[in-house]
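Listing of start.pdb; format and content: PDB, C-alpha atoms, pLDDT in the B column.
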ATOM      1  CA  MET Y 124     -10.003  32.321  30.949  1.00 52.00           C
ATOM      2  CA  SER Y 125      -8.048  32.042  34.155  1.00 52.00           C
ATOM      3  CA  VAL Y 126      -4.307  31.348  34.217  1.00 49.00           C
ATOM      4  CA  GLU Y 127      -4.998  27.828  35.496  1.00 52.00           C
ATOM      5  CA  ASN Y 128      -7.484  27.098  32.671  1.00 53.00           C
ATOM      6  CA  THR Y 129      -5.052  28.460  30.077  1.00 48.00           C
ATOM      7  CA  LYS Y 130      -2.272  26.268  31.487  1.00 50.00           C
ATOM      8  CA  ASN Y 131      -4.565  23.209  31.446  1.00 52.00           C
ATOM      9  CA  HIS Y 132      -5.673  23.990  27.870  1.00 53.00           C
ATOM     10  CA  HIS Y 133      -2.042  24.222  26.644  1.00 55.00           C
ATOM     11  CA  THR Y 134      -1.173  20.987  28.449  1.00 56.00           C
ATOM     12  CA  LYS Y 135      -4.100  19.163  26.815  1.00 64.00           C
ATOM     13  CA  ASP Y 136      -3.159  20.578  23.402  1.00 75.00           C
ATOM     14  CA  PHE Y 137       0.430  19.480  23.938  1.00 71.00           C
ATOM     15  CA  LEU Y 138      -0.675  15.969  24.921  1.00 73.00           C
ATOM     16  CA  VAL Y 139      -3.008  15.717  21.921  1.00 73.00           C
ATOM     17  CA  ASP Y 140      -0.362  17.079  19.535  1.00 74.00           C
ATOM     18  CA  ASN Y 141       2.241  14.725  20.985  1.00 73.00           C
ATOM     19  CA  ALA Y 142      -0.115  11.719  20.640  1.00 73.00           C
ATOM     20  CA  ILE Y 143      -0.846  12.626  17.011  1.00 74.00           C
ATOM     21  CA  LYS Y 144       2.855  13.075  16.293  1.00 74.00           C
ATOM     22  CA  ASN Y 145       3.710   9.715  17.892  1.00 74.00           C
ATOM     23  CA  GLY Y 146       0.906   7.954  16.020  1.00 70.00           C
ATOM     24  CA  THR Y 147       1.961   9.437  12.697  1.00 66.00           C
ATOM     25  CA  GLN Y 148       5.586   8.505  13.358  1.00 65.00           C
ATOM     26  CA  LYS Y 149       4.579   4.916  14.207  1.00 60.00           C
ATOM     27  CA  ILE Y 150       2.578   4.609  10.969  1.00 58.00           C
ATOM     28  CA  GLU Y 151       5.529   5.926   8.965  1.00 55.00           C
ATOM     29  CA  GLU Y 152       7.918   3.512  10.701  1.00 54.00           C
ATOM     30  CA  ASP Y 153       5.556   0.578  10.058  1.00 49.00           C
ATOM     31  CA  HIS Y 154       5.278   1.572   6.396  1.00 48.00           C
ATOM     32  CA  GLU Y 155       9.057   1.935   6.147  1.00 52.00           C
ATOM     33  CA  GLU Y 156       9.551  -1.470   7.820  1.00 48.00           C
ATOM     34  CA  LYS Y 157       7.187  -3.124   5.316  1.00 53.00           C
ATOM     35  CA  GLN Y 158       9.386  -1.872   2.492  1.00 67.00           C
ATOM     36  CA  TYR Y 159      12.333  -3.808   3.941  1.00 84.00           C
ATOM     37  CA  ILE Y 160      12.444  -7.522   3.439  1.00 86.00           C
ATOM     38  CA  THR Y 161      14.477 -10.061   5.345  1.00 89.00           C
ATOM     39  CA  LEU Y 162      16.450 -12.426   3.180  1.00 91.00           C
ATOM     40  CA  ARG Y 163      17.846 -15.810   4.111  1.00 89.00           C
ATOM     41  CA  TYR Y 164      20.683 -17.180   2.021  1.00 91.00           C
ATOM     42  CA  THR Y 165      22.072 -20.631   1.445  1.00 90.00           C
ATOM     43  CA  ASN Y 166      25.822 -21.170   1.149  1.00 90.00           C
ATOM     44  CA  SER Y 167      25.588 -21.924  -2.587  1.00 91.00           C
ATOM     45  CA  GLU Y 168      23.592 -18.740  -3.063  1.00 92.00           C
ATOM     46  CA  LEU Y 169      26.218 -16.654  -1.292  1.00 92.00           C
ATOM     47  CA  ASP Y 170      28.962 -18.217  -3.417  1.00 93.00           C
ATOM     48  CA  LYS Y 171      27.051 -17.369  -6.601  1.00 94.00           C
ATOM     49  CA  ILE Y 172      26.280 -13.847  -5.380  1.00 94.00           C
ATOM     50  CA  LYS Y 173      29.971 -13.296  -4.651  1.00 94.00           C
ATOM     51  CA  GLU Y 174      31.032 -14.568  -8.064  1.00 93.00           C
ATOM     52  CA  LEU Y 175      28.333 -12.748 -10.040  1.00 94.00           C
ATOM     53  CA  THR Y 176      28.719  -9.421  -8.229  1.00 94.00           C
ATOM     54  CA  SER Y 177      32.430  -9.618  -8.992  1.00 93.00           C
ATOM     55  CA  VAL Y 178      31.860 -10.442 -12.669  1.00 91.00           C
ATOM     56  CA  LEU Y 179      29.131  -7.830 -13.141  1.00 93.00           C
ATOM     57  CA  ARG Y 180      30.744  -5.273 -10.819  1.00 95.00           C
ATOM     58  CA  LEU Y 181      27.467  -4.674  -9.011  1.00 94.00           C
ATOM     59  CA  SER Y 182      26.779  -4.048  -5.351  1.00 94.00           C
ATOM     60  CA  LYS Y 183      25.026  -6.883  -3.565  1.00 92.00           C
ATOM     61  CA  GLU Y 184      21.842  -4.810  -3.252  1.00 93.00           C
ATOM     62  CA  LEU Y 185      21.751  -3.937  -6.939  1.00 94.00           C
ATOM     63  CA  PHE Y 186      22.556  -7.520  -7.866  1.00 95.00           C
ATOM     64  CA  ILE Y 187      19.622  -8.797  -5.785  1.00 95.00           C
ATOM     65  CA  GLU Y 188      17.286  -6.477  -7.663  1.00 95.00           C
ATOM     66  CA  THR Y 189      18.881  -7.556 -10.949  1.00 95.00           C
ATOM     67  CA  ALA Y 190      18.291 -11.239 -10.152  1.00 95.00           C
ATOM     68  CA  ILE Y 191      14.631 -10.614  -9.340  1.00 95.00           C
ATOM     69  CA  SER Y 192      14.235  -8.471 -12.455  1.00 95.00           C
ATOM     70  CA  TYR Y 193      15.787 -11.214 -14.579  1.00 94.00           C
ATOM     71  CA  LEU Y 194      13.383 -13.788 -13.130  1.00 94.00           C
ATOM     72  CA  TYR Y 195      10.489 -11.466 -13.933  1.00 94.00           C
ATOM     73  CA  PHE Y 196      11.808 -11.006 -17.492  1.00 93.00           C
ATOM     74  CA  ARG Y 197      11.993 -14.769 -18.010  1.00 90.00           C
ATOM     75  CA  PHE Y 198       8.539 -15.194 -16.429  1.00 89.00           C
ATOM     76  CA  SER Y 199       6.946 -12.612 -18.712  1.00 86.00           C
ATOM     77  CA  GLU Y 200       8.359 -14.382 -21.762  1.00 84.00           C
ATOM     78  CA  ASN Y 201       7.129 -17.874 -20.925  1.00 81.00           C
ATOM     79  CA  LYS Y 202       4.980 -18.263 -17.816  1.00 79.00           C
ATOM     80  CA  ASP Y 203       4.442 -22.023 -18.025  1.00 77.00           C
ATOM     81  CA  SER Y 204       8.054 -23.149 -18.297  1.00 78.00           C
ATOM     82  CA  ILE Y 205       9.326 -20.570 -15.802  1.00 79.00           C
ATOM     83  CA  GLN Y 206       6.647 -21.604 -13.299  1.00 81.00           C
ATOM     84  CA  LYS Y 207       8.014 -25.149 -13.494  1.00 85.00           C
ATOM     85  CA  ILE Y 208      11.547 -23.815 -12.960  1.00 86.00           C
ATOM     86  CA  ILE Y 209      10.375 -21.712  -9.989  1.00 86.00           C
ATOM     87  CA  SER Y 210       8.805 -24.830  -8.427  1.00 87.00           C
ATOM     88  CA  GLU Y 211      11.982 -26.868  -8.945  1.00 88.00           C
ATOM     89  CA  GLU Y 212      14.225 -24.088  -7.610  1.00 88.00           C
ATOM     90  CA  THR Y 213      11.924 -23.588  -4.613  1.00 86.00           C
ATOM     91  CA  GLU Y 214      12.407 -27.253  -3.710  1.00 89.00           C
ATOM     92  CA  LYS Y 215      16.187 -26.891  -4.071  1.00 89.00           C
ATOM     93  CA  PHE Y 216      16.153 -23.803  -1.850  1.00 89.00           C
ATOM     94  CA  LYS Y 217      14.108 -25.550   0.845  1.00 87.00           C
ATOM     95  CA  SER Y 218      16.398 -28.563   0.733  1.00 88.00           C
ATOM     96  CA  GLU Y 219      19.590 -26.491   0.987  1.00 86.00           C
ATOM     97  CA  PHE Y 220      18.079 -24.254   3.641  1.00 82.00           C
ATOM     98  CA  GLN Y 221      17.087 -27.237   5.806  1.00 84.00           C
ATOM     99  CA  GLU Y 222      20.658 -28.529   5.673  1.00 83.00           C
ATOM    100  CA  ILE Y 223      21.901 -25.416   7.469  1.00 82.00           C
ATOM    101  CA  SER Y 224      22.247 -26.100  11.180  1.00 78.00           C
ATOM    102  CA  PHE Y 225      21.427 -22.698  12.621  1.00 73.00           C
ATOM    103  CA  SER Y 226      21.819 -23.790  16.226  1.00 74.00           C
ATOM    104  CA  SER Y 227      25.528 -24.542  15.739  1.00 79.00           C
ATOM    105  CA  LYS Y 228      26.290 -21.304  13.863  1.00 78.00           C
ATOM    106  CA  SER Y 229      28.079 -18.333  15.383  1.00 83.00           C
ATOM    107  CA  ARG Y 230      26.460 -14.892  15.398  1.00 81.00           C
ATOM    108  CA  LYS Y 231      28.831 -13.851  12.601  1.00 86.00           C
ATOM    109  CA  GLU Y 232      27.842 -16.846  10.490  1.00 82.00           C
ATOM    110  CA  LEU Y 233      24.136 -16.246  11.122  1.00 77.00           C
ATOM    111  CA  ASP Y 234      24.545 -12.620  10.041  1.00 82.00           C
ATOM    112  CA  ARG Y 235      26.297 -13.797   6.870  1.00 84.00           C
ATOM    113  CA  LEU Y 236      23.334 -16.046   6.036  1.00 86.00           C
ATOM    114  CA  SER Y 237      20.724 -13.292   6.346  1.00 88.00           C
ATOM    115  CA  GLY Y 238      20.154  -9.659   5.584  1.00 89.00           C
ATOM    116  CA  LYS Y 239      17.619  -6.922   5.067  1.00 91.00           C
ATOM    117  CA  ILE Y 240      17.105  -4.976   1.895  1.00 89.00           C
ATOM    118  CA  LYS Y 241      14.747  -2.289   0.727  1.00 91.00           C
ATOM    119  CA  LEU Y 242      13.483  -3.095  -2.736  1.00 90.00           C
ATOM    120  CA  SER Y 243      12.742  -0.331  -5.187  1.00 92.00           C
ATOM    121  CA  PRO Y 244       9.067   0.193  -6.030  1.00 92.00           C
ATOM    122  CA  GLU Y 245       9.665  -1.277  -9.498  1.00 94.00           C
ATOM    123  CA  ILE Y 246      11.192  -4.484  -8.127  1.00 93.00           C
ATOM    124  CA  SER Y 247       8.527  -4.745  -5.407  1.00 92.00           C
ATOM    125  CA  HIS Y 248       5.921  -4.569  -8.160  1.00 92.00           C
ATOM    126  CA  LYS Y 249       7.705  -7.339 -10.082  1.00 93.00           C
ATOM    127  CA  VAL Y 250       7.770  -9.532  -6.978  1.00 92.00           C
ATOM    128  CA  GLU Y 251       4.024  -8.936  -6.607  1.00 92.00           C
ATOM    129  CA  GLN Y 252       3.460  -9.807 -10.282  1.00 91.00           C
ATOM    130  CA  LEU Y 253       5.407 -13.033  -9.754  1.00 91.00           C
ATOM    131  CA  ASN Y 254       3.148 -13.675  -6.751  1.00 89.00           C
ATOM    132  CA  MET Y 255       6.231 -14.325  -4.624  1.00 90.00           C
ATOM    133  CA  ARG Y 256       5.978 -11.655  -1.918  1.00 89.00           C
ATOM    134  CA  ASP Y 257       5.654 -14.366   0.726  1.00 91.00           C
ATOM    135  CA  ASN Y 258       8.367 -16.443  -0.924  1.00 90.00           C
ATOM    136  CA  ILE Y 259      10.968 -13.765  -1.511  1.00 92.00           C
ATOM    137  CA  ASN Y 260      13.865 -16.070  -0.607  1.00 91.00           C
ATOM    138  CA  GLU Y 261      12.768 -18.641  -3.168  1.00 92.00           C
ATOM    139  CA  CYS Y 262      12.261 -15.844  -5.707  1.00 92.00           C
ATOM    140  CA  LEU Y 263      15.790 -14.600  -5.168  1.00 93.00           C
ATOM    141  CA  PHE Y 264      17.265 -18.118  -5.168  1.00 92.00           C
ATOM    142  CA  THR Y 265      15.593 -18.832  -8.521  1.00 93.00           C
ATOM    143  CA  GLY Y 266      16.697 -15.527 -10.035  1.00 93.00           C
ATOM    144  CA  ILE Y 267      20.288 -16.036  -8.909  1.00 94.00           C
ATOM    145  CA  ASN Y 268      20.410 -19.569 -10.291  1.00 93.00           C
ATOM    146  CA  LEU Y 269      18.911 -18.505 -13.633  1.00 92.00           C
ATOM    147  CA  LEU Y 270      21.388 -15.644 -13.951  1.00 93.00           C
ATOM    148  CA  TYR Y 271      24.256 -17.898 -12.924  1.00 94.00           C
ATOM    149  CA  LYS Y 272      23.329 -20.520 -15.515  1.00 91.00           C
ATOM    150  CA  GLN Y 273      22.940 -17.834 -18.181  1.00 91.00           C
ATOM    151  CA  LEU Y 274      26.177 -15.963 -17.442  1.00 91.00           C
ATOM    152  CA  ILE Y 275      28.517 -18.593 -16.006  1.00 88.00           C
ATOM    153  CA  GLY Y 276      26.845 -21.884 -16.855  1.00 80.00           C
ATOM    154  CA  ASP Y 277      29.015 -24.932 -17.096  1.00 69.00           C
ATOM    155  CA  PHE Y 278      31.905 -23.036 -18.649  1.00 63.00           C
ATOM    156  CA  LYS Y 279      35.042 -25.141 -18.651  1.00 55.00           C
ATOM    157  CA  THR Y 280      38.546 -24.139 -19.572  1.00 55.00           C
ATOM    158  CA  VAL Y 281      40.650 -26.253 -21.942  1.00 56.00           C
ATOM    159  CA  ASN Y 282      42.437 -27.806 -18.947  1.00 54.00           C
ATOM    160  CA  GLN Y 283      39.142 -28.671 -17.189  1.00 55.00           C
ATOM    161  CA  GLN Y 284      37.713 -30.438 -20.268  1.00 53.00           C
ATOM    162  CA  LYS Y 285      40.395 -33.147 -20.271  1.00 49.00           C
TER     163      LYS Y 285
END
Give the structure from the file, written as structure tokens.
Amino acid sequence: MSVENTKNHHTKDFLVDNAIKNGTQKIEEDHEEKQYITLRYTNSELDKIKELTSVLRLSKELFIETAISYLYFRFSENKDSIQKIISEETEKFKSEFQEISFSSKSRKELDRLSGKIKLSPEISHKVEQLNMRDNINECLFTGINLLYKQLIGDFKTVNQQK
């Protein structure tokens, strides 16, 4: 093999290896991106998240997984009644979400009302079992509201009851 042929052969191998490396990297990035979900929050949701994460001393990310897990727990106990609750909560979420005027919000406010999270495989599986992969925001909204009602509810102090 001449020096020129050897040089050409190494260049072709480099180009092929580089193309394979780039393709593999792109597949891995796409797979990684699919594991992240974009969440959209309502103001009431954020208030409840703030209160519940403080009470439970959980990070926001762990709390989100806890809320979804709680919804799944309730669903597995009684599918019919929880399905009705999910439908009602989905309507509440859509109503609250439509009230948000995104065009008049600052970048900071828009960032506050959204976020990305990577769910654990266990929680991803639960979302799939709930058949809510395409409705993750409604799933989270329902889980948060169920947890809130269970843990905080309509608790009133002696002074508030008067």
Can you translate the PyMOL selection byres ((chain Y and resi 245-252) around 12) into the concrete residues it hits in this file, as a ChimeraX atom specification?
/Y:157-160,184-199,202,240-244,253-263,266
Could you turn the residues from that selection into a file that holds C-alpha atoms, as a PDB file, in the coordinates of the input?
ATOM      1  CA  LYS Y 157       7.187  -3.124   5.316  1.00 53.00           C
ATOM      2  CA  GLN Y 158       9.386  -1.872   2.492  1.00 67.00           C
ATOM      3  CA  TYR Y 159      12.333  -3.808   3.941  1.00 84.00           C
ATOM      4  CA  ILE Y 160      12.444  -7.522   3.439  1.00 86.00           C
ATOM      5  CA  GLU Y 184      21.842  -4.810  -3.252  1.00 93.00           C
ATOM      6  CA  LEU Y 185      21.751  -3.937  -6.939  1.00 94.00           C
ATOM      7  CA  PHE Y 186      22.556  -7.520  -7.866  1.00 95.00           C
ATOM      8  CA  ILE Y 187      19.622  -8.797  -5.785  1.00 95.00           C
ATOM      9  CA  GLU Y 188      17.286  -6.477  -7.663  1.00 95.00           C
ATOM     10  CA  THR Y 189      18.881  -7.556 -10.949  1.00 95.00           C
ATOM     11  CA  ALA Y 190      18.291 -11.239 -10.152  1.00 95.00           C
ATOM     12  CA  ILE Y 191      14.631 -10.614  -9.340  1.00 95.00           C
ATOM     13  CA  SER Y 192      14.235  -8.471 -12.455  1.00 95.00           C
ATOM     14  CA  TYR Y 193      15.787 -11.214 -14.579  1.00 94.00           C
ATOM     15  CA  LEU Y 194      13.383 -13.788 -13.130  1.00 94.00           C
ATOM     16  CA  TYR Y 195      10.489 -11.466 -13.933  1.00 94.00           C
ATOM     17  CA  PHE Y 196      11.808 -11.006 -17.492  1.00 93.00           C
ATOM     18  CA  ARG Y 197      11.993 -14.769 -18.010  1.00 90.00           C
ATOM     19  CA  PHE Y 198       8.539 -15.194 -16.429  1.00 89.00           C
ATOM     20  CA  SER Y 199       6.946 -12.612 -18.712  1.00 86.00           C
ATOM     21  CA  LYS Y 202       4.980 -18.263 -17.816  1.00 79.00           C
ATOM     22  CA  ILE Y 240      17.105  -4.976   1.895  1.00 89.00           C
ATOM     23  CA  LYS Y 241      14.747  -2.289   0.727  1.00 91.00           C
ATOM     24  CA  LEU Y 242      13.483  -3.095  -2.736  1.00 90.00           C
ATOM     25  CA  SER Y 243      12.742  -0.331  -5.187  1.00 92.00           C
ATOM     26  CA  PRO Y 244       9.067   0.193  -6.030  1.00 92.00           C
ATOM     27  CA  LEU Y 253       5.407 -13.033  -9.754  1.00 91.00           C
ATOM     28  CA  ASN Y 254       3.148 -13.675  -6.751  1.00 89.00           C
ATOM     29  CA  MET Y 255       6.231 -14.325  -4.624  1.00 90.00           C
ATOM     30  CA  ARG Y 256       5.978 -11.655  -1.918  1.00 89.00           C
ATOM     31  CA  ASP Y 257       5.654 -14.366   0.726  1.00 91.00           C
ATOM     32  CA  ASN Y 258       8.367 -16.443  -0.924  1.00 90.00           C
ATOM     33  CA  ILE Y 259      10.968 -13.765  -1.511  1.00 92.00           C
ATOM     34  CA  ASN Y 260      13.865 -16.070  -0.607  1.00 91.00           C
ATOM     35  CA  GLU Y 261      12.768 -18.641  -3.168  1.00 92.00           C
ATOM     36  CA  CYS Y 262      12.261 -15.844  -5.707  1.00 92.00           C
ATOM     37  CA  LEU Y 263      15.790 -14.600  -5.168  1.00 93.00           C
ATOM     38  CA  GLY Y 266      16.697 -15.527 -10.035  1.00 93.00           C
TER      39      GLY Y 266
END
Centre and edge lengths of an axis-aligned box around all listed atoms of range 259-276 of chain Y, with 3 Å added on each side, are to be given in Å to one decimal, as JSON.
{"center_x": 19.7, "center_y": -17.8, "center_z": -9.4, "size_x": 23.5, "size_y": 14.1, "size_z": 23.6}
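Our summary of the geometry notes that CA of Asn201 in chain Y is positioned 17.1 Å from CA of Asn268 in chain Y.
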What would the selection look like, as a PDB file with C-alpha atoms, in the coordinates of the input, if the PyMOL selection byres ((chain Y and resi 238) around 10) were run on the coordinates I just shared?
ATOM      1  CA  TYR Y 159      12.333  -3.808   3.941  1.00 84.00           C
ATOM      2  CA  ILE Y 160      12.444  -7.522   3.439  1.00 86.00           C
ATOM      3  CA  THR Y 161      14.477 -10.061   5.345  1.00 89.00           C
ATOM      4  CA  LEU Y 162      16.450 -12.426   3.180  1.00 91.00           C
ATOM      5  CA  ARG Y 163      17.846 -15.810   4.111  1.00 89.00           C
ATOM      6  CA  TYR Y 164      20.683 -17.180   2.021  1.00 91.00           C
ATOM      7  CA  LEU Y 233      24.136 -16.246  11.122  1.00 77.00           C
ATOM      8  CA  ASP Y 234      24.545 -12.620  10.041  1.00 82.00           C
ATOM      9  CA  ARG Y 235      26.297 -13.797   6.870  1.00 84.00           C
ATOM     10  CA  LEU Y 236      23.334 -16.046   6.036  1.00 86.00           C
ATOM     11  CA  SER Y 237      20.724 -13.292   6.346  1.00 88.00           C
ATOM     12  CA  LYS Y 239      17.619  -6.922   5.067  1.00 91.00           C
ATOM     13  CA  ILE Y 240      17.105  -4.976   1.895  1.00 89.00           C
TER      14      ILE Y 240
END
Completion of range 227-262 of chain Y up to N, CA and C atoms, as a PDB file, in the frame of the given file:
ATOM      1  N   SER Y 227      24.081 -24.419  15.540  1.00 79.00           N
ATOM      2  CA  SER Y 227      25.528 -24.542  15.739  1.00 79.00           C
ATOM      3  C   SER Y 227      26.314 -23.394  15.100  1.00 79.00           C
ATOM      4  N   LYS Y 228      25.625 -22.417  14.543  1.00 78.00           N
ATOM      5  CA  LYS Y 228      26.290 -21.304  13.863  1.00 78.00           C
ATOM      6  C   LYS Y 228      26.600 -20.172  14.837  1.00 78.00           C
ATOM      7  N   SER Y 229      27.715 -19.506  14.587  1.00 83.00           N
ATOM      8  CA  SER Y 229      28.079 -18.333  15.383  1.00 83.00           C
ATOM      9  C   SER Y 229      27.224 -17.150  14.939  1.00 83.00           C
ATOM     10  N   ARG Y 230      27.216 -16.107  15.738  1.00 81.00           N
ATOM     11  CA  ARG Y 230      26.460 -14.892  15.398  1.00 81.00           C
ATOM     12  C   ARG Y 230      26.945 -14.332  14.053  1.00 81.00           C
ATOM     13  N   LYS Y 231      28.252 -14.364  13.846  1.00 86.00           N
ATOM     14  CA  LYS Y 231      28.831 -13.851  12.601  1.00 86.00           C
ATOM     15  C   LYS Y 231      28.333 -14.667  11.401  1.00 86.00           C
ATOM     16  N   GLU Y 232      28.307 -15.964  11.564  1.00 82.00           N
ATOM     17  CA  GLU Y 232      27.842 -16.846  10.490  1.00 82.00           C
ATOM     18  C   GLU Y 232      26.352 -16.654  10.227  1.00 82.00           C
ATOM     19  N   LEU Y 233      25.568 -16.491  11.285  1.00 77.00           N
ATOM     20  CA  LEU Y 233      24.136 -16.246  11.122  1.00 77.00           C
ATOM     21  C   LEU Y 233      23.887 -14.931  10.394  1.00 77.00           C
ATOM     22  N   ASP Y 234      24.674 -13.911  10.722  1.00 82.00           N
ATOM     23  CA  ASP Y 234      24.545 -12.620  10.041  1.00 82.00           C
ATOM     24  C   ASP Y 234      24.913 -12.731   8.560  1.00 82.00           C
ATOM     25  N   ARG Y 235      25.876 -13.585   8.257  1.00 84.00           N
ATOM     26  CA  ARG Y 235      26.297 -13.797   6.870  1.00 84.00           C
ATOM     27  C   ARG Y 235      25.179 -14.457   6.057  1.00 84.00           C
ATOM     28  N   LEU Y 236      24.391 -15.292   6.718  1.00 86.00           N
ATOM     29  CA  LEU Y 236      23.334 -16.046   6.036  1.00 86.00           C
ATOM     30  C   LEU Y 236      22.000 -15.307   5.962  1.00 86.00           C
ATOM     31  N   SER Y 237      21.972 -14.057   6.406  1.00 88.00           N
ATOM     32  CA  SER Y 237      20.724 -13.292   6.346  1.00 88.00           C
ATOM     33  C   SER Y 237      21.024 -11.817   6.123  1.00 88.00           C
ATOM     34  N   GLY Y 238      20.002 -11.091   5.781  1.00 89.00           N
ATOM     35  CA  GLY Y 238      20.154  -9.659   5.584  1.00 89.00           C
ATOM     36  C   GLY Y 238      18.819  -9.004   5.295  1.00 89.00           C
ATOM     37  N   LYS Y 239      18.817  -7.700   5.384  1.00 91.00           N
ATOM     38  CA  LYS Y 239      17.619  -6.922   5.067  1.00 91.00           C
ATOM     39  C   LYS Y 239      17.936  -6.033   3.885  1.00 91.00           C
ATOM     40  N   ILE Y 240      16.937  -5.836   3.063  1.00 89.00           N
ATOM     41  CA  ILE Y 240      17.105  -4.976   1.895  1.00 89.00           C
ATOM     42  C   ILE Y 240      15.786  -4.255   1.638  1.00 89.00           C
ATOM     43  N   LYS Y 241      15.916  -3.064   1.127  1.00 91.00           N
ATOM     44  CA  LYS Y 241      14.747  -2.289   0.727  1.00 91.00           C
ATOM     45  C   LYS Y 241      14.677  -2.345  -0.791  1.00 91.00           C
ATOM     46  N   LEU Y 242      13.648  -2.989  -1.292  1.00 90.00           N
ATOM     47  CA  LEU Y 242      13.483  -3.095  -2.736  1.00 90.00           C
ATOM     48  C   LEU Y 242      12.907  -1.805  -3.299  1.00 90.00           C
ATOM     49  N   SER Y 243      13.312  -1.495  -4.510  1.00 92.00           N
ATOM     50  CA  SER Y 243      12.742  -0.331  -5.187  1.00 92.00           C
ATOM     51  C   SER Y 243      11.276  -0.622  -5.488  1.00 92.00           C
ATOM     52  N   PRO Y 244      10.481   0.416  -5.695  1.00 92.00           N
ATOM     53  CA  PRO Y 244       9.067   0.193  -6.030  1.00 92.00           C
ATOM     54  C   PRO Y 244       8.890  -0.679  -7.281  1.00 92.00           C
ATOM     55  N   GLU Y 245       9.750  -0.484  -8.268  1.00 94.00           N
ATOM     56  CA  GLU Y 245       9.665  -1.277  -9.498  1.00 94.00           C
ATOM     57  C   GLU Y 245       9.876  -2.767  -9.215  1.00 94.00           C
ATOM     58  N   ILE Y 246      10.896  -3.081  -8.428  1.00 93.00           N
ATOM     59  CA  ILE Y 246      11.192  -4.484  -8.127  1.00 93.00           C
ATOM     60  C   ILE Y 246      10.111  -5.065  -7.209  1.00 93.00           C
ATOM     61  N   SER Y 247       9.633  -4.288  -6.265  1.00 92.00           N
ATOM     62  CA  SER Y 247       8.527  -4.745  -5.407  1.00 92.00           C
ATOM     63  C   SER Y 247       7.322  -5.113  -6.259  1.00 92.00           C
ATOM     64  N   HIS Y 248       7.041  -4.294  -7.257  1.00 92.00           N
ATOM     65  CA  HIS Y 248       5.921  -4.569  -8.160  1.00 92.00           C
ATOM     66  C   HIS Y 248       6.158  -5.885  -8.922  1.00 92.00           C
ATOM     67  N   LYS Y 249       7.388  -6.107  -9.358  1.00 93.00           N
ATOM     68  CA  LYS Y 249       7.705  -7.339 -10.082  1.00 93.00           C
ATOM     69  C   LYS Y 249       7.537  -8.556  -9.182  1.00 93.00           C
ATOM     70  N   VAL Y 250       7.948  -8.426  -7.937  1.00 92.00           N
ATOM     71  CA  VAL Y 250       7.770  -9.532  -6.978  1.00 92.00           C
ATOM     72  C   VAL Y 250       6.281  -9.825  -6.807  1.00 92.00           C
ATOM     73  N   GLU Y 251       5.484  -8.773  -6.719  1.00 92.00           N
ATOM     74  CA  GLU Y 251       4.024  -8.936  -6.607  1.00 92.00           C
ATOM     75  C   GLU Y 251       3.476  -9.623  -7.855  1.00 92.00           C
ATOM     76  N   GLN Y 252       3.925  -9.213  -9.028  1.00 91.00           N
ATOM     77  CA  GLN Y 252       3.460  -9.807 -10.282  1.00 91.00           C
ATOM     78  C   GLN Y 252       3.833 -11.290 -10.371  1.00 91.00           C
ATOM     79  N   LEU Y 253       4.982 -11.631  -9.800  1.00 91.00           N
ATOM     80  CA  LEU Y 253       5.407 -13.033  -9.754  1.00 91.00           C
ATOM     81  C   LEU Y 253       4.650 -13.813  -8.686  1.00 91.00           C
ATOM     82  N   ASN Y 254       3.890 -13.084  -7.866  1.00 89.00           N
ATOM     83  CA  ASN Y 254       3.148 -13.675  -6.751  1.00 89.00           C
ATOM     84  C   ASN Y 254       4.092 -14.385  -5.775  1.00 89.00           C
ATOM     85  N   MET Y 255       5.220 -13.712  -5.475  1.00 90.00           N
ATOM     86  CA  MET Y 255       6.231 -14.325  -4.624  1.00 90.00           C
ATOM     87  C   MET Y 255       6.586 -13.452  -3.424  1.00 90.00           C
ATOM     88  N   ARG Y 256       5.708 -12.534  -3.061  1.00 89.00           N
ATOM     89  CA  ARG Y 256       5.978 -11.655  -1.918  1.00 89.00           C
ATOM     90  C   ARG Y 256       6.243 -12.472  -0.649  1.00 89.00           C
ATOM     91  N   ASP Y 257       5.482 -13.531  -0.464  1.00 91.00           N
ATOM     92  CA  ASP Y 257       5.654 -14.366   0.726  1.00 91.00           C
ATOM     93  C   ASP Y 257       6.749 -15.409   0.552  1.00 91.00           C
ATOM     94  N   ASN Y 258       7.298 -15.493  -0.637  1.00 90.00           N
ATOM     95  CA  ASN Y 258       8.367 -16.443  -0.924  1.00 90.00           C
ATOM     96  C   ASN Y 258       9.554 -15.719  -1.537  1.00 90.00           C
ATOM     97  N   ILE Y 259       9.917 -14.611  -0.936  1.00 92.00           N
ATOM     98  CA  ILE Y 259      10.968 -13.765  -1.511  1.00 92.00           C
ATOM     99  C   ILE Y 259      12.311 -14.493  -1.569  1.00 92.00           C
ATOM    100  N   ASN Y 260      12.588 -15.339  -0.598  1.00 91.00           N
ATOM    101  CA  ASN Y 260      13.865 -16.070  -0.607  1.00 91.00           C
ATOM    102  C   ASN Y 260      13.933 -17.037  -1.778  1.00 91.00           C
ATOM    103  N   GLU Y 261      12.827 -17.728  -2.037  1.00 92.00           N
ATOM    104  CA  GLU Y 261      12.768 -18.641  -3.168  1.00 92.00           C
ATOM    105  C   GLU Y 261      12.845 -17.873  -4.485  1.00 92.00           C
ATOM    106  N   CYS Y 262      12.218 -16.711  -4.529  1.00 92.00           N
ATOM    107  CA  CYS Y 262      12.261 -15.844  -5.707  1.00 92.00           C
ATOM    108  C   CYS Y 262      13.706 -15.455  -6.011  1.00 92.00           C
TER     109      CYS Y 262
END
